[in-house]
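Novice: Let me give you the structure first, and then I'll get to my questions.
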Amino acid sequence: MTTKITVETLINAPVAKVWSAYTTPSDIKQWNTASDDWHTTKSTVDLRVGGIFSSRMEAKDGSFGFDFEGTYTKVVPHELLEFSFGDRAASVEFITGATGVTVRVVFDAESENPIEQQQQGWQSILDNFAKFVQAKQ
């Protein structure tokens, strides 16, 4: 059985703005990093079921890079994204509440790195996303 990891953040912004920042390639390049010594150099999004997304993530010193890519399996605008990447899957919920939008990401853990490290990395990316959206207002 696959271990599921959950990360989330609350963003004080309208759901349309949060959704747009999460799904627009030029925005993704601004926030999609787990640490300051990494960046996303390229992003593509085909936002439909069966559509493919890809983000090129690289160390700023050029020592390492990889493509994080997958296929959307469910798209409910302003509410839910589900996607597969390799043999893993993830969902991103956009939950509107009285104080903003909770973005909750649930993903299948991989076996190469400790659960805590995976959770910290994805949480860091989500925290960067929240900062980006709130600064953009």
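Labels for the structure tokens follow display order: chains A, B, ..., residues from 1 in each chain, ligands from 1.
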I need the strand (DSSP E or B) residues of range 1-130 of chain A per DSSP on the backbone, written as a PyMOL selection string.
Specialist: chain A and resi 4-11+38-45+52-59+65-76+80-85+88-97+100-108
Novice: Skip range 28-43 of chain A itself and residues of its chain fewer than 3 positions away, then list as number ranges by chain all residues within 10 Å of it, counting only C-alpha atoms.
Specialist: A: 20-25, 53-62, 64-69, 120-133
Novice: Output C-alpha atoms for every residue in that selection, as a PDB file, in the first residue's frame.
Specialist:
ATOM      1  CA  SER A  20      -4.655  31.017 -11.645  1.00  0.00           C
ATOM      2  CA  ALA A  21      -1.298  31.270  -9.850  1.00  0.00           C
ATOM      3  CA  TYR A  22      -1.212  27.478  -9.418  1.00  0.00           C
ATOM      4  CA  THR A  23      -1.949  26.718 -13.067  1.00  0.00           C
ATOM      5  CA  THR A  24      -0.239  29.514 -15.059  1.00  0.00           C
ATOM      6  CA  PRO A  25       3.260  28.625 -16.327  1.00  0.00           C
ATOM      7  CA  PHE A  53       2.216  19.506 -17.301  1.00  0.00           C
ATOM      8  CA  SER A  54       5.959  19.867 -16.892  1.00  0.00           C
ATOM      9  CA  SER A  55       8.258  21.981 -14.747  1.00  0.00           C
ATOM     10  CA  ARG A  56      12.023  22.006 -15.251  1.00  0.00           C
ATOM     11  CA  MET A  57      13.583  22.314 -11.799  1.00  0.00           C
ATOM     12  CA  GLU A  58      17.302  23.044 -11.536  1.00  0.00           C
ATOM     13  CA  ALA A  59      19.903  23.899  -8.949  1.00  0.00           C
ATOM     14  CA  LYS A  60      20.939  27.510  -9.570  1.00  0.00           C
ATOM     15  CA  ASP A  61      24.595  26.444  -9.747  1.00  0.00           C
ATOM     16  CA  GLY A  62      23.729  24.094 -12.632  1.00  0.00           C
ATOM     17  CA  PHE A  64      21.545  19.114 -11.030  1.00  0.00           C
ATOM     18  CA  GLY A  65      18.120  19.349 -12.620  1.00  0.00           C
ATOM     19  CA  PHE A  66      15.059  17.289 -13.414  1.00  0.00           C
ATOM     20  CA  ASP A  67      11.676  17.530 -15.081  1.00  0.00           C
ATOM     21  CA  PHE A  68       8.692  17.175 -12.782  1.00  0.00           C
ATOM     22  CA  GLU A  69       5.920  16.160 -15.134  1.00  0.00           C
ATOM     23  CA  GLN A 120       9.159  19.170   4.150  1.00  0.00           C
ATOM     24  CA  GLY A 121      10.053  19.661   0.478  1.00  0.00           C
ATOM     25  CA  TRP A 122       6.456  19.760  -0.749  1.00  0.00           C
ATOM     26  CA  GLN A 123       5.436  21.968   2.210  1.00  0.00           C
ATOM     27  CA  SER A 124       8.249  24.393   1.398  1.00  0.00           C
ATOM     28  CA  ILE A 125       7.060  24.649  -2.219  1.00  0.00           C
ATOM     29  CA  LEU A 126       3.492  25.241  -1.016  1.00  0.00           C
ATOM     30  CA  ASP A 127       4.685  27.912   1.447  1.00  0.00           C
ATOM     31  CA  ASN A 128       6.508  29.657  -1.422  1.00  0.00           C
ATOM     32  CA  PHE A 129       3.298  29.459  -3.434  1.00  0.00           C
ATOM     33  CA  ALA A 130       1.315  31.115  -0.622  1.00  0.00           C
ATOM     34  CA  LYS A 131       3.905  33.924  -0.292  1.00  0.00           C
ATOM     35  CA  PHE A 132       3.849  34.479  -4.058  1.00  0.00           C
ATOM     36  CA  VAL A 133       0.032  34.717  -4.256  1.00  0.00           C
TER      37      VAL A 133
END
Novice: Quick one: residues within 6 Å of Val105 in chain A, only C-alpha atoms, excluding same-chain residues fewer than 4 positions away - as a list of chain:residue names?
Specialist: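 So, after excluding close chain neighbours, the residues are A:Thr6, A:Val7, A:Ser91, A:Val92.
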Novice: Once you have the residues from the selection above, write them out as a PDB file, in the first residue's frame, restricted to C-alpha atoms.
Specialist:
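Dumped to result-v5.pdb:
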ATOM      1  CA  THR A   6      -0.534  15.670   3.042  1.00  0.00           C
ATOM      2  CA  VAL A   7       0.660  19.286   3.070  1.00  0.00           C
ATOM      3  CA  SER A  91      -4.489  15.701  -5.681  1.00  0.00           C
ATOM      4  CA  VAL A  92      -4.655  19.431  -5.021  1.00  0.00           C
TER       5      VAL A  92
END
Novice: Would you give me, as number ranges by chain, the residues in chain A that DSSP reads as helix (DSSP H, G or I)?
Specialist: A: 15-23, 25-31, 115-136
Novice: Kindly export the residues of the current selection with C-alpha atoms, as a short mmCIF file (atom, residue, chain, number, x, y, z; two decimals), in the first residue's frame.
Specialist:
data_model
loop_
_atom_site.label_atom_id
_atom_site.label_comp_id
_atom_site.auth_asym_id
_atom_site.auth_seq_id
_atom_site.Cartn_x
_atom_site.Cartn_y
_atom_site.Cartn_z
CA VAL A 15 -9.96 31.32 -5.13
CA ALA A 16 -9.78 32.53 -8.75
CA LYS A 17 -6.43 34.21 -8.04
CA VAL A 18 -5.10 31.16 -6.17
CA TRP A 19 -6.17 28.80 -8.97
CA SER A 20 -4.66 31.02 -11.64
CA ALA A 21 -1.30 31.27 -9.85
CA TYR A 22 -1.21 27.48 -9.42
CA THR A 23 -1.95 26.72 -13.07
CA PRO A 25 3.26 28.62 -16.33
CA SER A 26 4.74 32.11 -15.87
CA ASP A 27 3.53 32.12 -12.25
CA ILE A 28 4.71 28.56 -11.58
CA LYS A 29 8.24 29.61 -12.55
CA GLN A 30 8.10 32.24 -9.78
CA TRP A 31 7.07 30.03 -6.85
CA ILE A 115 8.72 10.61 4.46
CA GLU A 116 9.68 13.65 6.57
CA GLN A 117 12.03 14.95 3.87
CA GLN A 118 9.36 14.56 1.18
CA GLN A 119 6.78 16.30 3.35
CA GLN A 120 9.16 19.17 4.15
CA GLY A 121 10.05 19.66 0.48
CA TRP A 122 6.46 19.76 -0.75
CA GLN A 123 5.44 21.97 2.21
CA SER A 124 8.25 24.39 1.40
CA ILE A 125 7.06 24.65 -2.22
CA LEU A 126 3.49 25.24 -1.02
CA ASP A 127 4.68 27.91 1.45
CA ASN A 128 6.51 29.66 -1.42
CA PHE A 129 3.30 29.46 -3.43
CA ALA A 130 1.32 31.12 -0.62
CA LYS A 131 3.90 33.92 -0.29
CA PHE A 132 3.85 34.48 -4.06
CA VAL A 133 0.03 34.72 -4.26
CA GLN A 134 -0.24 37.05 -1.27
CA ALA A 135 2.55 39.32 -2.57
CA LYS A 136 0.86 39.48 -5.99
#
Novice: Rank nothing, just name the residue among A:Thr44, A:Asn113, A:Thr102, A:Thr71 nearest to Asp87 in chain A, using only C-alpha atoms.
Specialist: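 Closest residue, counting only C-alpha atoms: A:Thr71.
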Novice: Write out as a list in words which residues come within 7 Å of Glu79 in chain A when counting only C-alpha atoms, dropping same-chain ones fewer than 4 positions away.
Specialist: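 In the requested format, the answer is Glu93, Phe94 and Ile95 of chain A.
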Novice: Please report the interatomic distance between CA of Lys4 in chain A and CA of Thr73 in chain A in Å with one decimal.
Specialist: 17.5 Å
Novice: Taking 3 positions as the minimum chain separation for residues in the same chain, which residues sit within 6 Å of Phe85 in chain A when counting only C-alpha atoms? Answer as a list in words.
Specialist: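 After dropping sequence-adjacent residues, the list is Gly70, Arg88 and Ala89 of chain A.
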Novice: Can you pull out every residue within 10 Å of Thr2 in chain A, counting only C-alpha atoms, but drop anything in the same chain fewer than 5 positions away, and send it as JSON, numbers by chain?
Specialist: {"A": [88, 89, 107, 108, 109, 110, 111]}
Novice: Please compute the CA of Asp46 in chain A-CA of Leu80 in chain A distance, one decimal, in Å.
Specialist: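 According to the coordinates, CA of Asp46 in chain A and CA of Leu80 in chain A are separated by 15.1 Å.
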Novice: Quote the spacing between CA of Val45 in chain A and CA of Pro114 in chain A in Å to one decimal place.
Specialist: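 So the answer is 29.0 Å.
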